[in-house]
>>> print(open('final.cif').read())   # mmCIF, C-alpha atoms and all ligand atoms
data_model
#
loop_
_atom_site.label_atom_id
_atom_site.label_comp_id
_atom_site.auth_asym_id
_atom_site.auth_seq_id
_atom_site.Cartn_x
_atom_site.Cartn_y
_atom_site.Cartn_z
CA MET A 1400 -45.94 40.25 -6.19
CA LYS A 1401 -42.65 38.41 -5.85
CA GLY A 1402 -39.88 40.71 -4.57
CA ILE A 1403 -36.63 40.17 -6.47
CA VAL A 1404 -33.05 41.15 -5.67
CA LEU A 1405 -30.90 40.91 -8.81
CA LEU A 1406 -27.12 40.78 -8.25
CA GLY A 1407 -25.09 41.34 -11.41
CA SER A 1408 -27.99 43.17 -13.11
CA THR A 1409 -25.75 44.80 -15.74
CA GLY A 1410 -24.26 41.53 -17.05
CA SER A 1411 -25.47 39.13 -19.69
CA ILE A 1412 -27.63 37.06 -17.29
CA GLY A 1413 -28.67 40.17 -15.34
CA ARG A 1414 -29.93 41.99 -18.44
CA GLN A 1415 -31.77 38.88 -19.68
CA THR A 1416 -33.35 38.47 -16.22
CA LEU A 1417 -34.65 42.04 -16.45
CA GLU A 1418 -36.05 41.24 -19.89
CA VAL A 1419 -38.06 38.37 -18.43
CA LEU A 1420 -39.19 40.50 -15.45
CA ARG A 1421 -40.28 43.23 -17.89
CA ALA A 1422 -42.59 40.73 -19.63
CA PHE A 1423 -44.46 40.10 -16.35
CA PRO A 1424 -44.98 43.48 -14.66
CA GLN A 1425 -47.86 42.14 -12.53
CA GLU A 1426 -45.83 39.25 -11.10
CA PHE A 1427 -42.53 40.74 -9.92
CA ARG A 1428 -41.22 43.78 -8.12
CA VAL A 1429 -37.50 44.56 -8.21
CA ARG A 1430 -36.38 45.32 -4.64
CA GLY A 1431 -32.62 45.55 -5.17
CA LEU A 1432 -30.03 45.73 -7.96
CA ALA A 1433 -26.24 45.35 -7.88
CA ALA A 1434 -23.34 45.79 -10.30
CA ASN A 1435 -19.62 46.31 -10.07
CA THR A 1436 -18.44 49.07 -12.43
CA SER A 1437 -21.27 49.73 -14.93
CA ARG A 1438 -22.62 52.78 -13.11
CA GLU A 1439 -24.59 54.32 -15.98
CA LEU A 1440 -26.43 51.14 -16.90
CA LEU A 1441 -27.16 50.44 -13.24
CA LEU A 1442 -28.65 53.92 -12.88
CA ARG A 1443 -30.79 53.45 -15.99
CA GLN A 1444 -32.01 50.12 -14.59
CA ALA A 1445 -32.77 51.80 -11.25
CA TRP A 1446 -34.85 54.53 -12.94
CA GLU A 1447 -36.74 51.85 -14.84
CA THR A 1448 -37.42 49.42 -11.99
CA ARG A 1449 -37.47 51.81 -8.96
CA PRO A 1450 -35.90 49.39 -6.45
CA GLU A 1451 -35.68 50.18 -2.74
CA ALA A 1452 -31.87 49.98 -2.87
CA VAL A 1453 -28.86 49.46 -5.14
CA TRP A 1454 -25.19 48.58 -4.65
CA CYS A 1455 -22.32 49.39 -6.99
CA GLY A 1456 -18.75 48.16 -6.44
CA ASP A 1457 -17.37 51.46 -7.74
CA GLY A 1458 -19.80 53.57 -5.70
CA LEU A 1459 -22.70 55.73 -6.94
CA ASP A 1460 -23.77 59.34 -6.62
CA ALA A 1461 -26.86 58.98 -4.41
CA ASN A 1462 -28.29 62.18 -5.99
CA ALA A 1463 -28.43 60.44 -9.37
CA LEU A 1464 -30.80 57.76 -8.05
CA PRO A 1465 -34.56 57.95 -8.51
CA PRO A 1466 -36.65 59.17 -5.55
CA GLY A 1467 -37.20 56.35 -3.04
CA THR A 1468 -34.03 54.41 -4.02
CA ARG A 1469 -30.96 54.43 -1.77
CA CYS A 1470 -27.43 53.03 -1.88
CA VAL A 1471 -26.38 50.26 0.51
CA ASP A 1472 -22.89 49.19 1.60
CA SER A 1473 -22.86 45.61 0.33
CA MET A 1474 -24.76 43.01 -1.67
CA GLU A 1475 -25.60 41.28 1.62
CA ASP A 1476 -27.49 44.45 2.66
CA LEU A 1477 -29.71 44.04 -0.42
CA VAL A 1478 -30.58 40.50 0.64
CA LEU A 1479 -31.68 41.87 4.05
CA LEU A 1480 -34.26 44.27 2.55
CA PRO A 1481 -37.90 43.61 3.48
CA ASP A 1482 -40.25 41.81 1.07
CA VAL A 1483 -37.56 39.92 -0.80
CA HIS A 1484 -38.78 36.50 -1.99
CA LEU A 1485 -36.04 35.48 -4.43
CA VAL A 1486 -32.40 36.50 -4.85
CA VAL A 1487 -30.96 36.09 -8.35
CA VAL A 1488 -27.17 35.70 -8.15
CA ALA A 1489 -25.73 36.57 -11.57
CA THR A 1490 -22.37 38.06 -10.62
CA VAL A 1491 -19.07 36.48 -11.75
CA GLY A 1492 -16.38 34.85 -9.61
CA LEU A 1493 -16.46 34.50 -5.85
CA SER A 1494 -18.40 37.76 -5.37
CA GLY A 1495 -21.65 35.76 -5.25
CA LEU A 1496 -20.63 33.58 -2.30
CA LYS A 1497 -21.40 35.85 0.67
CA PRO A 1498 -24.75 37.14 -0.63
CA THR A 1499 -25.76 33.56 -1.53
CA LEU A 1500 -25.01 32.40 2.02
CA ALA A 1501 -26.77 35.47 3.47
CA SER A 1502 -29.86 34.72 1.41
CA LEU A 1503 -29.94 31.04 2.39
CA ARG A 1504 -29.40 32.00 6.04
CA ARG A 1505 -32.48 34.23 5.80
CA GLY A 1506 -34.50 31.45 4.19
CA ILE A 1507 -34.81 33.26 0.84
CA PRO A 1508 -34.48 30.95 -2.20
CA VAL A 1509 -31.54 31.67 -4.50
CA ALA A 1510 -31.80 31.50 -8.29
CA LEU A 1511 -28.16 30.77 -9.02
CA ALA A 1512 -26.36 31.56 -12.28
CA ASN A 1513 -23.02 32.22 -10.57
CA LYS A 1514 -21.63 28.66 -10.72
CA GLU A 1515 -18.28 29.80 -9.25
CA THR A 1516 -20.03 30.05 -5.87
CA ILE A 1517 -20.88 26.34 -5.88
CA VAL A 1518 -17.56 25.36 -7.49
CA SER A 1519 -15.52 27.13 -4.79
CA ALA A 1520 -17.71 26.45 -1.77
CA GLY A 1521 -20.07 23.60 -2.66
CA PRO A 1522 -20.12 21.88 0.77
CA LEU A 1523 -20.69 25.18 2.66
CA VAL A 1524 -23.45 26.38 0.34
CA MET A 1525 -25.27 23.04 0.29
CA ALA A 1526 -24.99 22.71 4.10
CA GLU A 1527 -26.60 26.15 4.55
CA SER A 1528 -29.34 25.28 2.07
CA ALA A 1529 -30.04 22.00 3.94
CA ARG A 1530 -29.82 23.60 7.42
CA THR A 1531 -32.40 26.26 6.58
CA GLY A 1532 -34.45 24.17 4.13
CA THR A 1533 -33.97 26.89 1.50
CA PRO A 1534 -33.79 25.83 -2.14
CA ILE A 1535 -31.15 26.76 -4.70
CA LEU A 1536 -32.78 27.03 -8.14
CA PRO A 1537 -30.21 26.62 -10.91
CA ILE A 1538 -30.26 29.11 -13.78
CA ASP A 1539 -27.26 27.64 -15.59
CA SER A 1540 -28.85 25.80 -18.54
CA GLU A 1541 -27.27 22.36 -17.94
CA PRO A 1542 -28.07 22.06 -14.22
CA SER A 1543 -31.50 23.54 -14.99
CA ALA A 1544 -32.03 20.77 -17.57
CA ILE A 1545 -31.01 18.09 -15.07
CA TRP A 1546 -33.26 19.62 -12.41
CA GLN A 1547 -36.20 19.52 -14.84
CA CYS A 1548 -35.45 15.91 -15.89
CA LEU A 1549 -35.31 14.78 -12.24
CA LEU A 1550 -38.65 16.33 -11.25
CA GLY A 1551 -41.21 13.68 -10.33
CA GLU A 1552 -38.64 10.86 -10.20
CA LYS A 1553 -38.61 8.84 -6.97
CA GLN A 1554 -35.37 6.91 -7.55
CA GLU A 1555 -31.82 8.17 -7.94
CA PRO A 1556 -30.72 8.37 -11.58
CA SER A 1557 -27.95 6.05 -12.74
CA ARG A 1558 -26.16 8.87 -14.61
CA LEU A 1559 -26.28 12.58 -15.31
CA ILE A 1560 -25.13 13.38 -18.85
CA LEU A 1561 -24.11 16.99 -19.39
CA THR A 1562 -23.82 18.30 -22.91
CA ALA A 1563 -21.08 20.69 -24.06
CA SER A 1564 -21.00 22.69 -27.30
CA GLY A 1565 -17.20 22.38 -27.44
CA GLY A 1566 -16.78 26.16 -27.65
CA ALA A 1567 -15.06 28.19 -30.32
CA PHE A 1568 -12.24 25.72 -31.13
CA ARG A 1569 -13.92 22.30 -31.31
CA THR A 1570 -12.62 21.67 -34.82
CA ARG A 1571 -9.58 23.99 -34.89
CA PRO A 1572 -6.29 22.15 -35.59
CA LEU A 1573 -4.56 21.58 -32.25
CA HIS A 1574 -1.28 23.18 -33.38
CA GLU A 1575 -3.09 26.50 -34.00
CA LEU A 1576 -4.47 26.84 -30.46
CA ALA A 1577 -1.33 28.57 -29.14
CA THR A 1578 -1.91 31.53 -31.46
CA VAL A 1579 -5.70 32.00 -31.38
CA THR A 1580 -6.86 35.53 -30.49
CA PRO A 1581 -9.34 36.66 -27.81
CA GLU A 1582 -11.72 37.76 -30.61
CA GLU A 1583 -11.74 34.22 -32.04
CA ALA A 1584 -12.18 32.65 -28.61
CA LEU A 1585 -15.11 34.97 -27.86
CA ARG A 1586 -16.98 33.81 -30.99
CA HIS A 1587 -19.08 31.13 -29.31
CA PRO A 1588 -20.92 28.99 -31.87
CA THR A 1589 -24.29 28.81 -30.09
CA TRP A 1590 -24.57 30.98 -26.94
CA LYS A 1591 -24.22 34.75 -26.37
CA MET A 1592 -22.66 35.11 -22.92
CA GLY A 1593 -20.29 37.23 -20.83
CA LYS A 1594 -16.58 37.15 -21.74
CA LYS A 1595 -15.32 35.01 -18.84
CA ILE A 1596 -17.78 32.15 -19.39
CA THR A 1597 -17.25 32.30 -23.18
CA ILE A 1598 -13.49 31.74 -22.77
CA ASP A 1599 -14.23 29.03 -20.18
CA SER A 1600 -16.43 27.37 -22.82
CA ALA A 1601 -13.55 27.37 -25.32
CA THR A 1602 -11.23 25.67 -22.78
CA LEU A 1603 -14.09 23.50 -21.42
CA MET A 1604 -13.24 24.76 -17.93
CA ASN A 1605 -16.88 25.80 -17.89
CA LYS A 1606 -18.03 22.20 -18.38
CA ALA A 1607 -15.86 20.95 -15.53
CA PHE A 1608 -17.37 23.73 -13.38
CA GLU A 1609 -20.81 22.41 -14.32
CA VAL A 1610 -19.86 18.84 -13.38
CA ILE A 1611 -18.73 20.15 -9.98
CA GLU A 1612 -21.93 22.21 -9.73
CA ALA A 1613 -24.10 19.18 -10.61
CA HIS A 1614 -22.22 16.98 -8.12
CA TRP A 1615 -23.07 19.35 -5.26
CA LEU A 1616 -26.53 20.46 -6.35
CA PHE A 1617 -27.89 16.97 -7.01
CA GLY A 1618 -25.69 14.91 -4.66
CA ILE A 1619 -24.60 12.52 -7.43
CA PRO A 1620 -21.16 10.79 -7.16
CA TRP A 1621 -18.48 12.00 -9.58
CA GLU A 1622 -18.24 8.69 -11.46
CA ARG A 1623 -21.95 8.93 -12.38
CA ILE A 1624 -21.65 12.30 -14.12
CA ALA A 1625 -20.65 12.14 -17.80
CA VAL A 1626 -20.05 14.82 -20.43
CA VAL A 1627 -20.66 14.54 -24.18
CA LEU A 1628 -20.03 17.08 -26.91
CA HIS A 1629 -23.20 18.28 -28.60
CA PRO A 1630 -22.35 21.15 -30.99
CA GLN A 1631 -25.96 22.27 -31.56
CA SER A 1632 -26.65 23.09 -27.86
CA ILE A 1633 -30.28 21.99 -28.30
CA VAL A 1634 -30.20 19.15 -25.76
CA HIS A 1635 -29.20 21.02 -22.61
CA SER A 1636 -28.49 17.85 -20.61
CA MET A 1637 -29.86 14.36 -19.93
CA VAL A 1638 -30.55 11.97 -17.09
CA GLU A 1639 -30.28 8.19 -17.44
CA PHE A 1640 -32.24 5.88 -15.14
CA ALA A 1641 -31.70 2.30 -13.87
CA ASP A 1642 -33.74 0.78 -16.71
CA GLY A 1643 -31.63 2.51 -19.39
CA SER A 1644 -34.31 5.08 -20.15
CA VAL A 1645 -32.98 8.60 -20.77
CA LYS A 1646 -34.82 11.89 -20.22
CA ALA A 1647 -33.50 14.99 -21.98
CA GLN A 1648 -34.45 18.64 -21.79
CA LEU A 1649 -34.38 20.46 -25.14
CA GLY A 1650 -34.83 24.04 -26.24
CA VAL A 1651 -33.40 26.84 -28.33
CA PRO A 1652 -30.13 28.01 -26.73
CA ASP A 1653 -31.55 31.11 -25.05
CA MET A 1654 -30.80 31.77 -21.37
CA ARG A 1655 -34.12 33.56 -20.86
CA ILE A 1656 -35.80 30.12 -20.85
CA PRO A 1657 -33.98 28.69 -17.79
CA ILE A 1658 -34.06 32.16 -16.17
CA GLN A 1659 -37.86 32.31 -16.50
CA TYR A 1660 -38.19 28.75 -15.21
CA ALA A 1661 -36.24 29.61 -12.03
CA LEU A 1662 -38.15 32.89 -11.53
CA PHE A 1663 -41.56 31.20 -11.75
CA TYR A 1664 -40.75 27.72 -10.42
CA PRO A 1665 -42.85 25.57 -10.17
CA ARG A 1666 -45.09 27.40 -12.67
CA ARG A 1667 -44.46 27.38 -16.43
CA MET A 1668 -45.63 30.60 -18.02
CA PRO A 1669 -46.34 31.43 -21.66
CA ASN A 1670 -43.99 34.15 -22.98
CA ALA A 1671 -44.36 35.03 -26.65
CA SER A 1672 -40.90 36.55 -26.81
CA LEU A 1673 -39.15 33.25 -26.06
CA PRO A 1674 -38.04 31.25 -29.14
CA ARG A 1675 -39.34 27.74 -29.86
CA LEU A 1676 -37.76 24.75 -31.53
CA ASP A 1677 -39.05 24.22 -35.04
CA PHE A 1678 -39.35 20.47 -35.67
CA CYS A 1679 -40.67 21.09 -39.20
CA SER A 1680 -37.26 22.32 -40.38
CA PRO A 1681 -34.38 19.86 -40.72
CA LEU A 1682 -32.81 19.36 -37.29
CA THR A 1683 -29.74 17.19 -36.73
CA LEU A 1684 -28.55 16.42 -33.23
CA VAL A 1685 -24.94 15.25 -33.03
CA PHE A 1686 -23.21 13.75 -29.98
CA GLU A 1687 -19.46 13.15 -29.84
CA PRO A 1688 -17.05 11.90 -27.18
CA LEU A 1689 -14.89 14.45 -25.43
CA ASP A 1690 -11.20 14.61 -26.44
CA THR A 1691 -9.28 15.66 -23.34
CA HIS A 1692 -6.10 16.35 -25.41
CA ARG A 1693 -7.97 19.25 -26.96
CA TYR A 1694 -9.33 20.41 -23.61
CA PRO A 1695 -6.64 19.89 -20.92
CA SER A 1696 -8.49 22.27 -18.56
CA PHE A 1697 -11.32 19.76 -18.24
CA PRO A 1698 -9.53 16.86 -16.45
CA LEU A 1699 -7.45 19.36 -14.48
CA ALA A 1700 -10.49 21.15 -13.12
CA LEU A 1701 -12.39 17.95 -12.43
CA GLU A 1702 -9.48 16.61 -10.39
CA ALA A 1703 -9.42 19.82 -8.32
CA GLY A 1704 -13.17 19.47 -7.75
CA LYS A 1705 -12.76 15.88 -6.56
CA ARG A 1706 -9.84 16.72 -4.25
CA GLY A 1707 -12.05 19.34 -2.57
CA GLY A 1708 -10.93 21.51 0.36
CA THR A 1709 -9.53 24.79 -0.95
CA PHE A 1710 -8.45 23.29 -4.31
CA PRO A 1711 -11.67 24.30 -6.12
CA ALA A 1712 -11.31 27.90 -4.84
CA VAL A 1713 -7.74 27.98 -6.18
CA LEU A 1714 -8.96 26.51 -9.47
CA ASN A 1715 -11.57 29.22 -9.79
CA GLY A 1716 -9.35 32.15 -8.74
CA ALA A 1717 -6.44 31.02 -10.93
CA ASP A 1718 -8.71 30.50 -13.93
CA GLU A 1719 -10.34 33.91 -13.58
CA VAL A 1720 -6.98 35.70 -13.62
CA ALA A 1721 -5.60 33.51 -16.43
CA VAL A 1722 -8.69 34.25 -18.56
CA ALA A 1723 -8.34 37.99 -17.87
CA LEU A 1724 -4.64 37.86 -18.87
CA PHE A 1725 -5.52 36.05 -22.09
CA LEU A 1726 -8.17 38.68 -22.89
CA GLN A 1727 -5.50 41.36 -22.29
CA ARG A 1728 -3.21 39.44 -24.75
CA ARG A 1729 -0.59 38.96 -22.04
CA ILE A 1730 -0.64 35.15 -22.29
CA ALA A 1731 -1.56 32.59 -24.95
CA PHE A 1732 -4.81 30.64 -24.93
CA THR A 1733 -2.82 27.45 -24.23
CA ASP A 1734 -1.19 29.09 -21.18
CA ILE A 1735 -4.52 29.12 -19.32
CA PRO A 1736 -4.44 25.44 -18.19
CA ILE A 1737 -0.68 25.58 -17.59
CA LEU A 1738 -0.98 28.50 -15.17
CA VAL A 1739 -4.00 26.98 -13.43
CA GLN A 1740 -2.18 23.66 -13.03
CA ARG A 1741 0.92 25.37 -11.57
CA ALA A 1742 -1.22 27.29 -9.07
CA LEU A 1743 -2.92 24.05 -8.00
CA GLU A 1744 0.46 22.32 -7.62
CA ALA A 1745 1.87 25.16 -5.51
CA HIS A 1746 -1.16 25.30 -3.20
CA ASN A 1747 -1.15 24.13 0.43
CA PRO A 1748 -4.73 22.88 0.75
CA ILE A 1749 -7.01 23.35 3.74
CA PRO A 1750 -9.55 20.55 4.27
CA ASN A 1751 -13.11 21.57 5.31
CA PRO A 1752 -12.43 25.27 4.70
CA SER A 1753 -14.41 28.17 6.19
CA VAL A 1754 -15.70 31.06 4.05
CA GLU A 1755 -12.60 33.04 5.04
CA ASP A 1756 -10.30 30.15 4.01
CA ILE A 1757 -12.02 30.02 0.61
CA VAL A 1758 -11.78 33.78 0.09
CA GLU A 1759 -8.09 33.67 1.06
CA ALA A 1760 -7.36 30.67 -1.23
CA ASP A 1761 -9.05 32.49 -4.13
CA ALA A 1762 -6.99 35.65 -3.44
CA TRP A 1763 -3.77 33.61 -3.10
CA ALA A 1764 -4.40 31.89 -6.45
CA ARG A 1765 -4.91 35.27 -8.17
CA ARG A 1766 -1.66 36.61 -6.75
CA GLU A 1767 0.17 33.38 -7.62
CA VAL A 1768 -0.88 33.44 -11.31
CA LEU A 1769 0.08 37.12 -11.62
CA ARG A 1770 3.42 36.40 -9.92
CA MET A 1771 4.15 33.54 -12.34
CA VAL A 1772 3.36 35.70 -15.37
CA GLU A 1773 5.44 38.63 -14.05
CA ALA A 1774 8.33 36.21 -13.36
CA ARG A 1775 8.36 35.15 -17.03
CA ARG A 1776 9.29 38.66 -18.21
N1 LIG B 1 -24.09 34.48 -19.71
C1 LIG B 1 -24.59 33.28 -19.74
O1 LIG B 1 -25.26 32.90 -20.70
C2 LIG B 1 -24.40 32.33 -18.58
C3 LIG B 1 -24.92 31.04 -18.67
C4 LIG B 1 -24.80 30.20 -17.57
C5 LIG B 1 -24.16 30.63 -16.42
N2 LIG B 1 -23.64 31.88 -16.37
C6 LIG B 1 -22.96 32.33 -15.14
O2 LIG B 1 -23.62 33.49 -14.68
C7 LIG B 1 -22.70 34.38 -14.06
C8 LIG B 1 -22.77 35.72 -14.77
O3 LIG B 1 -22.32 35.54 -16.11
P1 LIG B 1 -22.48 36.67 -17.20
O4 LIG B 1 -22.14 36.02 -18.48
O5 LIG B 1 -23.81 37.35 -17.03
O6 LIG B 1 -21.30 37.67 -16.78
P2 LIG B 1 -21.10 39.20 -17.20
O7 LIG B 1 -21.84 39.51 -18.43
O8 LIG B 1 -19.64 39.43 -17.16
O9 LIG B 1 -21.79 40.00 -15.99
C9 LIG B 1 -21.32 39.91 -14.69
C10 LIG B 1 -22.14 40.77 -13.76
O10 LIG B 1 -21.57 40.68 -12.44
C11 LIG B 1 -21.14 42.00 -12.03
N3 LIG B 1 -19.89 41.83 -11.29
C12 LIG B 1 -18.67 41.53 -11.78
N4 LIG B 1 -17.77 41.48 -10.78
C13 LIG B 1 -18.44 41.76 -9.64
C14 LIG B 1 -18.06 41.90 -8.28
N5 LIG B 1 -16.80 41.71 -7.87
N6 LIG B 1 -19.02 42.20 -7.37
C15 LIG B 1 -20.29 42.40 -7.77
N7 LIG B 1 -20.72 42.29 -9.06
C16 LIG B 1 -19.80 41.98 -9.96
C17 LIG B 1 -20.96 42.78 -13.31
O11 LIG B 1 -21.05 44.17 -13.04
P3 LIG B 1 -20.40 45.24 -14.09
O12 LIG B 1 -21.24 45.21 -15.33
O13 LIG B 1 -20.54 46.52 -13.37
O14 LIG B 1 -19.00 44.80 -14.32
C18 LIG B 1 -22.14 42.25 -14.13
O15 LIG B 1 -23.33 42.84 -13.68
C19 LIG B 1 -21.33 33.69 -14.17
O16 LIG B 1 -21.07 32.98 -13.00
C20 LIG B 1 -21.51 32.72 -15.33
O17 LIG B 1 -20.66 31.59 -15.22
C21 LIG B 1 -23.75 32.74 -17.41
#
>>> encode(input="final.cif", output="structure tokens")
Amino acid sequence: MKGIVLLGSTGSIGRQTLEVLRAFPQEFRVRGLAANTSRELLLRQAWETRPEAVWCGDGLDANALPPGTRCVDSMEDLVLLPDVHLVVVATVGLSGLKPTLASLRRGIPVALANKETIVSAGPLVMAESARTGTPILPIDSEPSAIWQCLLGEKQEPSRLILTASGGAFRTRPLHELATVTPEEALRHPTWKMGKKITIDSATLMNKAFEVIEAHWLFGIPWERIAVVLHPQSIVHSMVEFADGSVKAQLGVPDMRIPIQYALFYPRRMPNASLPRLDFCSPLTLVFEPLDTHRYPSFPLALEAGKRGGTFPAVLNGADEVAVALFLQRRIAFTDIPILVQRALEAHNPIPNPSVEDIVEADAWARREVLRMVEARR
């Protein structure tokens, strides 16, 4: 049985990962679970899966755990448990960085949903993966699609083409964006996801994060990664080759499909609970160019990714706080890129940063955005 550590088990990806694991009780054994504040759900998951250990950011009453399960001091401790064969990193923000590096250092493959880890520390994470020969298996649907399209190809592709739904406000008049509410922004047209990534989809920050993720994961130069809007989210991404031929990966927008692919890679397993595309019903696939006036976060984030050093960590930290402030109704939707841009402009970058430099840059960006918002009062 494959031993699994699942970090972020109480979140959207974490719960869907458990759903897939539940469908294959003979194949997987949960060795460790981690969450931040959702104590009750984490305990319920622990009683169901009987892991060796759990970690909770807010702490747990050890007496409430099932017999044979203990608490550990960090997510890295979970990665060090015996009989772990795959670590699923489904936390948000920079919290996934240290456990990802710990897992790669130990030679345990990482199934990575937490794109912020690669966005903030791409060179460090890829260097550790290369040094130890340990694979990173993308769970994010677009990088997963590209990964699947590249399998079996001997030559470098000429282009990666990532698709983007366009989020909640693709057709909303531009002058209304300053007054949209968190509830409206959270109404994603095609995917059901956690709050942070849903807001990042509405600003298209999420798509820039995926371009940065694809650049590092697949080693493709920036100028050969394109993005197109595709409102149906059926084509998850495409790869174009030297002869003009294009391979695409399609499927119903359901994260359990790329999650299952990463869990079983390289096997493909039948799972009756996963939805299938119905080509007998009318199906229209639309592709549109991206309008950067509507999505100012996109070029801003891409530029930070290209500049490298600690800029991507600042991008990520600043965005996370700005999104949280928008959800708390303390700033407008259109303030998100403005605050992120100001944090990037105020930053003194460090080239070739260490893990500590990245953690510090992330923390600085969070403080800086809060300071700017407080100063407005
Ligand atoms: N949801 C999707 O469909 C989707 C698709 C592609 C990629 N992703 C990526 O997958 C990651 C997870 O997204 P999500 O939508 O599942 O988020 P989510 O629903 O907000 O869940 C986040 C999980 O991480 C835990 N967590 C939060 N802060 C943490 C911290 N500081 N330390 C440890 N754990 C922490 C949360 O615990 P609590 O419940 O206790 O707060 C929860 O278990 C993100 O990087 C996202 O970009 C998500």
>>> residues_around(input="final.cif", residues="Thr1580 in chain A", least_positions_apart="2", cutoff="10 Å", atoms="all atoms listed in the file", output="PyMOL selection string")
chain A and resi 1576-1578+1582-1585+1725-1726+1728+1731-1732
>>> write_last_selection(input="final.cif", atoms="C-alpha atoms", output="JSON list (two decimals), in the frame of the given file")
[["chain", "number", "residue", "atom", "x", "y", "z"],
["A", 1576, "LEU", "CA", -4.47, 26.84, -30.46],
["A", 1577, "ALA", "CA", -1.33, 28.57, -29.14],
["A", 1578, "THR", "CA", -1.91, 31.53, -31.46],
["A", 1582, "GLU", "CA", -11.72, 37.76, -30.61],
["A", 1583, "GLU", "CA", -11.74, 34.22, -32.04],
["A", 1584, "ALA", "CA", -12.18, 32.65, -28.61],
["A", 1585, "LEU", "CA", -15.11, 34.97, -27.86],
["A", 1725, "PHE", "CA", -5.52, 36.05, -22.09],
["A", 1726, "LEU", "CA", -8.17, 38.68, -22.89],
["A", 1728, "ARG", "CA", -3.21, 39.44, -24.75],
["A", 1731, "ALA", "CA", -1.56, 32.59, -24.95],
["A", 1732, "PHE", "CA", -4.81, 30.64, -24.93]]
>>> residues_around(input="final.cif", residues="range 1632-1649 of chain A", least_positions_apart="5", cutoff="9 Å", atoms="only C-alpha atoms", output="list in words")
Ser1540, Glu1541, Pro1542, Ser1543, Ala1544, Ile1545, Gln1547, Cys1548, Leu1549, Gln1554, Glu1555, Pro1556, Ser1557, Arg1558, Leu1559, Ile1560, Leu1561, Thr1562, Ala1563, Ser1564, Thr1589, Trp1590, Val1626, Leu1676 and Leu1684 of chain A
>>> closest_residue(input="final.cif", among="A:Gln1740, A:Gln1659, A:Thr1516, A:Gln1631", to="ligand LIG 1 (chain B)", atoms="all atoms listed in the file")
A:Thr1516
>>> atom_distance(input="final.cif", atom1="CA of Gly1618 in chain A", atom2="CA of Gly1708 in chain A")
16.9 Å
>>> residues_near_ligand(input="final.cif", ligand="ligand LIG 1 (chain B)", cutoff="8 Å", atoms="all atoms listed in the file", output="ChimeraX atom specification")
/A:1406-1414,1433-1438,1441,1455-1456,1474,1488-1495,1511-1516,1538-1540,1590-1597,1605,1653-1654
>>> write_last_selection(input="final.cif", atoms="C-alpha atoms", output="short mmCIF file (atom, residue, chain, number, x, y, z; two decimals), in the coordinates of the input")
data_model
loop_
_atom_site.label_atom_id
_atom_site.label_comp_id
_atom_site.auth_asym_id
_atom_site.auth_seq_id
_atom_site.Cartn_x
_atom_site.Cartn_y
_atom_site.Cartn_z
CA LEU A 1406 -27.12 40.78 -8.25
CA GLY A 1407 -25.09 41.34 -11.41
CA SER A 1408 -27.99 43.17 -13.11
CA THR A 1409 -25.75 44.80 -15.74
CA GLY A 1410 -24.26 41.53 -17.05
CA SER A 1411 -25.47 39.13 -19.69
CA ILE A 1412 -27.63 37.06 -17.29
CA GLY A 1413 -28.67 40.17 -15.34
CA ARG A 1414 -29.93 41.99 -18.44
CA ALA A 1433 -26.24 45.35 -7.88
CA ALA A 1434 -23.34 45.79 -10.30
CA ASN A 1435 -19.62 46.31 -10.07
CA THR A 1436 -18.44 49.07 -12.43
CA SER A 1437 -21.27 49.73 -14.93
CA ARG A 1438 -22.62 52.78 -13.11
CA LEU A 1441 -27.16 50.44 -13.24
CA CYS A 1455 -22.32 49.39 -6.99
CA GLY A 1456 -18.75 48.16 -6.44
CA MET A 1474 -24.76 43.01 -1.67
CA VAL A 1488 -27.17 35.70 -8.15
CA ALA A 1489 -25.73 36.57 -11.57
CA THR A 1490 -22.37 38.06 -10.62
CA VAL A 1491 -19.07 36.48 -11.75
CA GLY A 1492 -16.38 34.85 -9.61
CA LEU A 1493 -16.46 34.50 -5.85
CA SER A 1494 -18.40 37.76 -5.37
CA GLY A 1495 -21.65 35.76 -5.25
CA LEU A 1511 -28.16 30.77 -9.02
CA ALA A 1512 -26.36 31.56 -12.28
CA ASN A 1513 -23.02 32.22 -10.57
CA LYS A 1514 -21.63 28.66 -10.72
CA GLU A 1515 -18.28 29.80 -9.25
CA THR A 1516 -20.03 30.05 -5.87
CA ILE A 1538 -30.26 29.11 -13.78
CA ASP A 1539 -27.26 27.64 -15.59
CA SER A 1540 -28.85 25.80 -18.54
CA TRP A 1590 -24.57 30.98 -26.94
CA LYS A 1591 -24.22 34.75 -26.37
CA MET A 1592 -22.66 35.11 -22.92
CA GLY A 1593 -20.29 37.23 -20.83
CA LYS A 1594 -16.58 37.15 -21.74
CA LYS A 1595 -15.32 35.01 -18.84
CA ILE A 1596 -17.78 32.15 -19.39
CA THR A 1597 -17.25 32.30 -23.18
CA ASN A 1605 -16.88 25.80 -17.89
CA ASP A 1653 -31.55 31.11 -25.05
CA MET A 1654 -30.80 31.77 -21.37
#
>>> closest_residue(input="final.cif", among="A:Pro1581, A:Ala1463, A:Leu1603, A:Leu1417", to="Glu1439 in chain A", atoms="only C-alpha atoms")
A:Ala1463
>>> atom_distance(input="final.cif", atom1="CA of Val1487 in chain A", atom2="CA of Cys1470 in chain A")
18.5 Å
>>> closest_residue(input="final.cif", among="A:Pro1681, A:Pro1498, A:Pro1711, A:Pro1736", to="Ile1598 in chain A", atoms="only C-alpha atoms")
A:Pro1736
>>> closest_residue(input="final.cif", among="A:Glu1418, A:Glu1575, A:Lys1705, A:Ile1735", to="Pro1620 in chain A", atoms="all atoms listed in the file")
A:Lys1705
